[in-house]
Amino acid sequence: MMNNTIYQTVIVGGGFAGLFTALHLSHQHYPRSVILIEKEDRFCFKPLLYEYFSGEMGAEEVWPRYEELLKGSGVIFVKDTVQSIDLQQREVKVTSGDSYNYSNLVLALGSVTGYFGVEGARENAFPLRTGEDAIAIDKHLRDCLQQALQIQDAQKRRKFLTVTVIGAGASGVEMAGTLGDLVPNWYAAMGGNAEEVRVVLLNHGEQILDNDINSHTISLKSCNTL
């Protein structure tokens with residue numbers, strides 16, 4: 001009887017878990033095919049997004065292409081979105097219409113931005129999870145500074161010169177510190193008064209860096225201005 005088993009590993013998701021699983025198998029000289037399916041064409045090293053945002057590091061260092069990271073590894077990279085997974089048939093279908101059979105399946109789909117019940121955050125805040133997010137924040141802030149230069153009324157101008165970071169965990173504190181360094185300098189370079197810029201860090205408690213990731217509700221009690 002013919003054995004039709006497909007001896008290959010399919011990894012869905014190219015975040016830290018998915019990418020490093022693929023590279024680990026390659027480094028261990030895994031004898032079977034490895035396919036990495038990811039909807040984006042660039043990997044984002046999130047801990048360094050602040051350095052990318054500030055211009056201290058370039059896109060290829062913080063936001064490199066998967067093709068470059070996987071070059072010479074033998075891992076097959078597929079830029080696509082998974083449409084369905086048939087566990088009985090051991091088959092992954094993607095939106096382009098292609099399908100991939102597997103003997104081993106790794107699901108490494110990552111997480112989504114959490115807002116912890118903060119009212120209005122989802123509708124009004126910018127996330128910082130990708131290189132595109134960093135670019136969008138940069139553009140928005142510079143647009144606000146340009147608008148502020150055109151406003152004579154100090155109270156109205158203050159609206160465009162106040163930046164709020166929600167959450168004083170590690171990411172929030174680092175982002176607030178980065179903005180506190182950059183935004184006043186940007187505004188001064190445009191001819192504005194750097195002292196008018198405010199960066200506000202909002203947190204649910206009085207302590208910063210206090211395990212915010214484990215909190216299920218947030219009431220905005222603490223307000224620190226950098």
# chains A, B, ... in the order shown; residues from 1 in each chain; ligands from 1

call {"tool": "residues_around", "arguments": {"residues": "Val112 in chain A", "least_positions_apart": "2", "cutoff": "12 Å", "atoms": "only C-alpha atoms", "output": "ChimeraX atom specification"}}
result
/A:15,109-110,114-116,122,127-130

call {"tool": "residues_around", "arguments": {"residues": "range 140-152 of chain A", "least_positions_apart": "4", "cutoff": "10 Å", "atoms": "only C-alpha atoms", "output": "ChimeraX atom specification"}}
result
/A:126,134-136,156-163,179,183-184,186-188,190-193,197

call {"tool": "residues_around", "arguments": {"residues": "Leu23 in chain A", "least_positions_apart": "6", "cutoff": "8 Å", "atoms": "only C-alpha atoms", "output": "list in words"}}
result
Leu70, Ser73 and Val75 of chain A

call {"tool": "select_by_dssp", "arguments": {"residues": "chain A", "states": "alpha helix (DSSP H)", "output": "MDAnalysis selection string"}}
result
chainID A and resid 16:27 49:54 59:62 66:69 121:124 131:149 154:160 170:189

call {"tool": "select_by_dssp", "arguments": {"residues": "range 82-220 of chain A", "states": "strand (DSSP E)", "output": "PyMOL selection string"}}
result
chain A and resi 82-86+91-94+99-101+104-107+162-166+198-203

call {"tool": "atom_distance", "arguments": {"atom1": "CA of Gly74 in chain A", "atom2": "CA of Ile11 in chain A"}}
result
13.8 Å

call {"tool": "residues_around", "arguments": {"residues": "Asp41 in chain A", "least_positions_apart": "6", "cutoff": "12 Å", "atoms": "only C-alpha atoms", "output": "PyMOL selection string"}}
result
chain A and resi 13-15+63-70+77-81+130-131

call {"tool": "closest_residue", "arguments": {"among": "A:Val92, A:Ile166, A:Met57, A:Ala17", "to": "Ala121 in chain A", "atoms": "only C-alpha atoms"}}
result
A:Ile166

call {"tool": "closest_residue", "arguments": {"among": "A:Leu36, A:Glu119, A:Gly55, A:Leu49", "to": "Ile76 in chain A", "atoms": "only C-alpha atoms"}}
result
A:Leu36

call {"tool": "atom_distance", "arguments": {"atom1": "CA of Asn203 in chain A", "atom2": "CA of Asp133 in chain A"}}
result
21.9 Å

call {"tool": "residues_around", "arguments": {"residues": "Lys93 in chain A", "least_positions_apart": "5", "cutoff": "8 Å", "atoms": "only C-alpha atoms", "output": "PDB file with N, CA and C atoms, in the first residue's frame"}}
result
ATOM      1  N   VAL A  82      -3.637  32.631   6.012  1.00  0.00           N
ATOM      2  CA  VAL A  82      -4.303  31.331   6.129  1.00  0.00           C
ATOM      3  C   VAL A  82      -5.814  31.530   6.118  1.00  0.00           C
ATOM      4  N   GLN A  83      -6.476  30.749   5.286  1.00  0.00           N
ATOM      5  CA  GLN A  83      -7.927  30.812   5.187  1.00  0.00           C
ATOM      6  C   GLN A  83      -8.585  29.742   6.036  1.00  0.00           C
ATOM      7  N   SER A  84      -8.009  28.539   6.031  1.00  0.00           N
ATOM      8  CA  SER A  84      -8.569  27.452   6.827  1.00  0.00           C
ATOM      9  C   SER A  84      -7.514  26.381   7.052  1.00  0.00           C
ATOM     10  N   ILE A  85      -7.749  25.583   8.103  1.00  0.00           N
ATOM     11  CA  ILE A  85      -6.874  24.453   8.414  1.00  0.00           C
ATOM     12  C   ILE A  85      -7.744  23.220   8.595  1.00  0.00           C
ATOM     13  N   ASP A  98      -3.809  28.480  -2.876  1.00  0.00           N
ATOM     14  CA  ASP A  98      -2.872  27.368  -2.695  1.00  0.00           C
ATOM     15  C   ASP A  98      -3.180  26.628  -1.398  1.00  0.00           C
ATOM     16  N   SER A  99      -2.657  25.423  -1.294  1.00  0.00           N
ATOM     17  CA  SER A  99      -2.816  24.632  -0.071  1.00  0.00           C
ATOM     18  C   SER A  99      -1.518  23.883   0.197  1.00  0.00           C
ATOM     19  N   TYR A 100      -1.277  23.600   1.479  1.00  0.00           N
ATOM     20  CA  TYR A 100      -0.036  22.948   1.890  1.00  0.00           C
ATOM     21  C   TYR A 100      -0.365  21.822   2.859  1.00  0.00           C
TER      22      TYR A 100
END

call {"tool": "residues_around", "arguments": {"residues": "Asn104 in chain A", "least_positions_apart": "2", "cutoff": "10 Å", "atoms": "only C-alpha atoms", "output": "list in words"}}
result
Ile6, Tyr7, Gln8, Thr9, Val10, Ile11, Val34, Arg90, Asn101, Tyr102 and Val106 of chain A

call {"tool": "write_last_selection", "arguments": {"atoms": "N, CA, C and O atoms", "output": "PDB file, in the first residue's frame"}}
result
ATOM      1  N   ILE A   6       2.701  13.419   3.706  1.00  0.00           N
ATOM      2  CA  ILE A   6       3.579  14.519   3.308  1.00  0.00           C
ATOM      3  C   ILE A   6       4.513  14.830   4.472  1.00  0.00           C
ATOM      4  O   ILE A   6       4.074  15.250   5.541  1.00  0.00           O
ATOM      5  N   TYR A   7       5.790  14.600   4.295  1.00  0.00           N
ATOM      6  CA  TYR A   7       6.739  14.796   5.382  1.00  0.00           C
ATOM      7  C   TYR A   7       7.304  16.222   5.339  1.00  0.00           C
ATOM      8  O   TYR A   7       8.419  16.461   4.887  1.00  0.00           O
ATOM      9  N   GLN A   8       6.513  17.164   5.775  1.00  0.00           N
ATOM     10  CA  GLN A   8       7.002  18.531   5.873  1.00  0.00           C
ATOM     11  C   GLN A   8       6.311  19.243   7.038  1.00  0.00           C
ATOM     12  O   GLN A   8       5.214  18.875   7.452  1.00  0.00           O
ATOM     13  N   THR A   9       6.986  20.256   7.556  1.00  0.00           N
ATOM     14  CA  THR A   9       6.453  21.036   8.664  1.00  0.00           C
ATOM     15  C   THR A   9       5.971  22.380   8.139  1.00  0.00           C
ATOM     16  O   THR A   9       6.706  23.070   7.421  1.00  0.00           O
ATOM     17  N   VAL A  10       4.751  22.747   8.498  1.00  0.00           N
ATOM     18  CA  VAL A  10       4.187  24.047   8.134  1.00  0.00           C
ATOM     19  C   VAL A  10       4.084  24.885   9.401  1.00  0.00           C
ATOM     20  O   VAL A  10       3.504  24.450  10.407  1.00  0.00           O
ATOM     21  N   ILE A  11       4.645  26.091   9.361  1.00  0.00           N
ATOM     22  CA  ILE A  11       4.589  27.022  10.481  1.00  0.00           C
ATOM     23  C   ILE A  11       3.720  28.197  10.066  1.00  0.00           C
ATOM     24  O   ILE A  11       3.978  28.842   9.052  1.00  0.00           O
ATOM     25  N   VAL A  34      10.502  22.731   5.501  1.00  0.00           N
ATOM     26  CA  VAL A  34       9.883  23.645   6.462  1.00  0.00           C
ATOM     27  C   VAL A  34       9.297  24.817   5.682  1.00  0.00           C
ATOM     28  O   VAL A  34      10.009  25.478   4.910  1.00  0.00           O
ATOM     29  N   ARG A  90      -4.906  17.205   7.236  1.00  0.00           N
ATOM     30  CA  ARG A  90      -3.584  17.793   7.465  1.00  0.00           C
ATOM     31  C   ARG A  90      -3.224  18.760   6.331  1.00  0.00           C
ATOM     32  O   ARG A  90      -2.199  18.621   5.656  1.00  0.00           O
ATOM     33  N   ASN A 101       0.023  20.617   2.488  1.00  0.00           N
ATOM     34  CA  ASN A 101      -0.139  19.480   3.385  1.00  0.00           C
ATOM     35  C   ASN A 101       1.053  19.418   4.335  1.00  0.00           C
ATOM     36  O   ASN A 101       2.130  19.924   4.033  1.00  0.00           O
ATOM     37  N   TYR A 102       0.844  18.792   5.477  1.00  0.00           N
ATOM     38  CA  TYR A 102       1.905  18.770   6.469  1.00  0.00           C
ATOM     39  C   TYR A 102       1.880  17.473   7.259  1.00  0.00           C
ATOM     40  O   TYR A 102       0.860  16.800   7.359  1.00  0.00           O
ATOM     41  N   VAL A 106       2.790  23.937  13.143  1.00  0.00           N
ATOM     42  CA  VAL A 106       3.111  24.846  14.242  1.00  0.00           C
ATOM     43  C   VAL A 106       2.245  26.092  14.095  1.00  0.00           C
ATOM     44  O   VAL A 106       2.296  26.767  13.062  1.00  0.00           O
TER      45      VAL A 106
END

call {"tool": "decode", "arguments": {"residues": "range 78-188 of chain A", "atoms": "C-alpha atoms", "output": "mmCIF file, in the first residue's frame"}}
result
data_model
loop_
_atom_site.group_PDB
_atom_site.id
_atom_site.type_symbol
_atom_site.label_atom_id
_atom_site.label_comp_id
_atom_site.auth_asym_id
_atom_site.auth_seq_id
_atom_site.Cartn_x
_atom_site.Cartn_y
_atom_site.Cartn_z
ATOM 1 C CA VAL A 78 5.102 32.021 1.783
ATOM 2 C CA LYS A 79 3.645 35.523 2.015
ATOM 3 C CA ASP A 80 -0.062 34.815 2.380
ATOM 4 C CA THR A 81 -2.949 34.628 4.853
ATOM 5 C CA VAL A 82 -4.303 31.331 6.129
ATOM 6 C CA GLN A 83 -7.927 30.812 5.187
ATOM 7 C CA SER A 84 -8.569 27.452 6.827
ATOM 8 C CA ILE A 85 -6.874 24.453 8.414
ATOM 9 C CA ASP A 86 -8.192 20.923 7.936
ATOM 10 C CA LEU A 87 -6.839 18.850 10.810
ATOM 11 C CA GLN A 88 -8.233 15.601 9.394
ATOM 12 C CA GLN A 89 -6.654 16.065 5.979
ATOM 13 C CA ARG A 90 -3.584 17.793 7.465
ATOM 14 C CA GLU A 91 -3.949 20.660 5.052
ATOM 15 C CA VAL A 92 -3.511 24.437 5.313
ATOM 16 C CA LYS A 93 -5.322 26.572 2.746
ATOM 17 C CA VAL A 94 -4.350 30.179 2.052
ATOM 18 C CA THR A 95 -6.313 33.032 0.485
ATOM 19 C CA SER A 96 -4.397 32.856 -2.806
ATOM 20 C CA GLY A 97 -5.977 29.442 -3.392
ATOM 21 C CA ASP A 98 -2.872 27.368 -2.695
ATOM 22 C CA SER A 99 -2.816 24.632 -0.071
ATOM 23 C CA TYR A 100 -0.036 22.948 1.890
ATOM 24 C CA ASN A 101 -0.139 19.480 3.385
ATOM 25 C CA TYR A 102 1.905 18.770 6.469
ATOM 26 C CA SER A 103 3.104 16.086 8.817
ATOM 27 C CA ASN A 104 3.771 18.645 11.569
ATOM 28 C CA LEU A 105 1.916 21.925 12.113
ATOM 29 C CA VAL A 106 3.111 24.846 14.242
ATOM 30 C CA LEU A 107 0.626 27.599 15.109
ATOM 31 C CA ALA A 108 2.471 30.774 16.097
ATOM 32 C CA LEU A 109 -0.104 33.450 15.342
ATOM 33 C CA GLY A 110 0.988 35.835 18.085
ATOM 34 C CA SER A 111 -1.250 38.326 19.843
ATOM 35 C CA VAL A 112 -3.265 41.458 19.173
ATOM 36 C CA THR A 113 -3.092 44.872 20.806
ATOM 37 C CA GLY A 114 -4.913 44.912 24.145
ATOM 38 C CA TYR A 115 -6.583 48.061 25.461
ATOM 39 C CA PHE A 116 -7.511 46.723 28.927
ATOM 40 C CA GLY A 117 -10.889 48.401 28.948
ATOM 41 C CA VAL A 118 -9.560 51.943 28.538
ATOM 42 C CA GLU A 119 -12.502 53.834 27.042
ATOM 43 C CA GLY A 120 -11.661 55.514 23.739
ATOM 44 C CA ALA A 121 -8.187 54.001 23.431
ATOM 45 C CA ARG A 122 -9.049 51.655 20.564
ATOM 46 C CA GLU A 123 -10.694 54.451 18.568
ATOM 47 C CA ASN A 124 -8.149 57.210 19.242
ATOM 48 C CA ALA A 125 -4.771 55.714 20.147
ATOM 49 C CA PHE A 126 -1.991 54.551 17.855
ATOM 50 C CA PRO A 127 -0.611 51.056 18.480
ATOM 51 C CA LEU A 128 3.142 50.446 18.239
ATOM 52 C CA ARG A 129 3.634 46.890 17.008
ATOM 53 C CA THR A 130 5.011 47.239 13.483
ATOM 54 C CA GLY A 131 7.251 49.432 11.419
ATOM 55 C CA GLU A 132 4.161 50.851 9.724
ATOM 56 C CA ASP A 133 2.835 51.856 13.163
ATOM 57 C CA ALA A 134 6.058 53.738 13.918
ATOM 58 C CA ILE A 135 5.857 55.570 10.584
ATOM 59 C CA ALA A 136 2.194 56.489 11.199
ATOM 60 C CA ILE A 137 2.969 57.877 14.673
ATOM 61 C CA ASP A 138 5.905 59.871 13.330
ATOM 62 C CA LYS A 139 3.762 61.435 10.587
ATOM 63 C CA HIS A 140 0.872 62.205 12.934
ATOM 64 C CA LEU A 141 3.075 63.915 15.510
ATOM 65 C CA ARG A 142 4.872 66.030 12.927
ATOM 66 C CA ASP A 143 1.528 67.050 11.417
ATOM 67 C CA CYS A 144 0.311 68.115 14.860
ATOM 68 C CA LEU A 145 3.438 70.191 15.427
ATOM 69 C CA GLN A 146 3.019 71.888 12.064
ATOM 70 C CA GLN A 147 -0.587 72.738 12.908
ATOM 71 C CA ALA A 148 0.441 74.088 16.314
ATOM 72 C CA LEU A 149 2.784 76.578 14.643
ATOM 73 C CA GLN A 150 -0.185 78.117 12.854
ATOM 74 C CA ILE A 151 -2.286 78.631 16.019
ATOM 75 C CA GLN A 152 -1.984 81.875 17.954
ATOM 76 C CA ASP A 153 -4.223 80.932 20.905
ATOM 77 C CA ALA A 154 -2.096 79.157 23.546
ATOM 78 C CA GLN A 155 -4.935 76.997 24.870
ATOM 79 C CA LYS A 156 -5.885 75.734 21.417
ATOM 80 C CA ARG A 157 -2.227 75.206 20.556
ATOM 81 C CA ARG A 158 -1.754 73.092 23.667
ATOM 82 C CA LYS A 159 -4.125 70.460 22.260
ATOM 83 C CA PHE A 160 -1.706 69.813 19.394
ATOM 84 C CA LEU A 161 1.355 69.852 21.633
ATOM 85 C CA THR A 162 0.180 67.287 24.202
ATOM 86 C CA VAL A 163 1.024 63.620 23.629
ATOM 87 C CA THR A 164 -0.512 60.963 25.879
ATOM 88 C CA VAL A 165 0.858 57.468 26.423
ATOM 89 C CA ILE A 166 -1.561 55.046 28.108
ATOM 90 C CA GLY A 167 -0.059 52.418 30.387
ATOM 91 C CA ALA A 168 3.141 52.643 32.438
ATOM 92 C CA GLY A 169 4.462 49.180 31.759
ATOM 93 C CA ALA A 170 7.851 48.705 30.113
ATOM 94 C CA SER A 171 6.575 49.663 26.636
ATOM 95 C CA GLY A 172 4.677 52.726 27.847
ATOM 96 C CA VAL A 173 7.549 54.074 29.915
ATOM 97 C CA GLU A 174 10.068 53.599 27.133
ATOM 98 C CA MET A 175 7.745 55.179 24.577
ATOM 99 C CA ALA A 176 7.061 58.160 26.835
ATOM 100 C CA GLY A 177 10.767 58.655 27.402
ATOM 101 C CA THR A 178 11.479 58.476 23.682
ATOM 102 C CA LEU A 179 8.759 61.002 22.871
ATOM 103 C CA GLY A 180 9.919 63.259 25.696
ATOM 104 C CA ASP A 181 13.339 63.427 24.033
ATOM 105 C CA LEU A 182 12.241 63.696 20.411
ATOM 106 C CA VAL A 183 9.076 65.791 20.156
ATOM 107 C CA PRO A 184 10.363 68.973 21.874
ATOM 108 C CA ASN A 185 13.447 68.891 19.622
ATOM 109 C CA TRP A 186 11.275 68.464 16.524
ATOM 110 C CA TYR A 187 9.124 71.403 17.536
ATOM 111 C CA ALA A 188 12.120 73.606 18.302
#
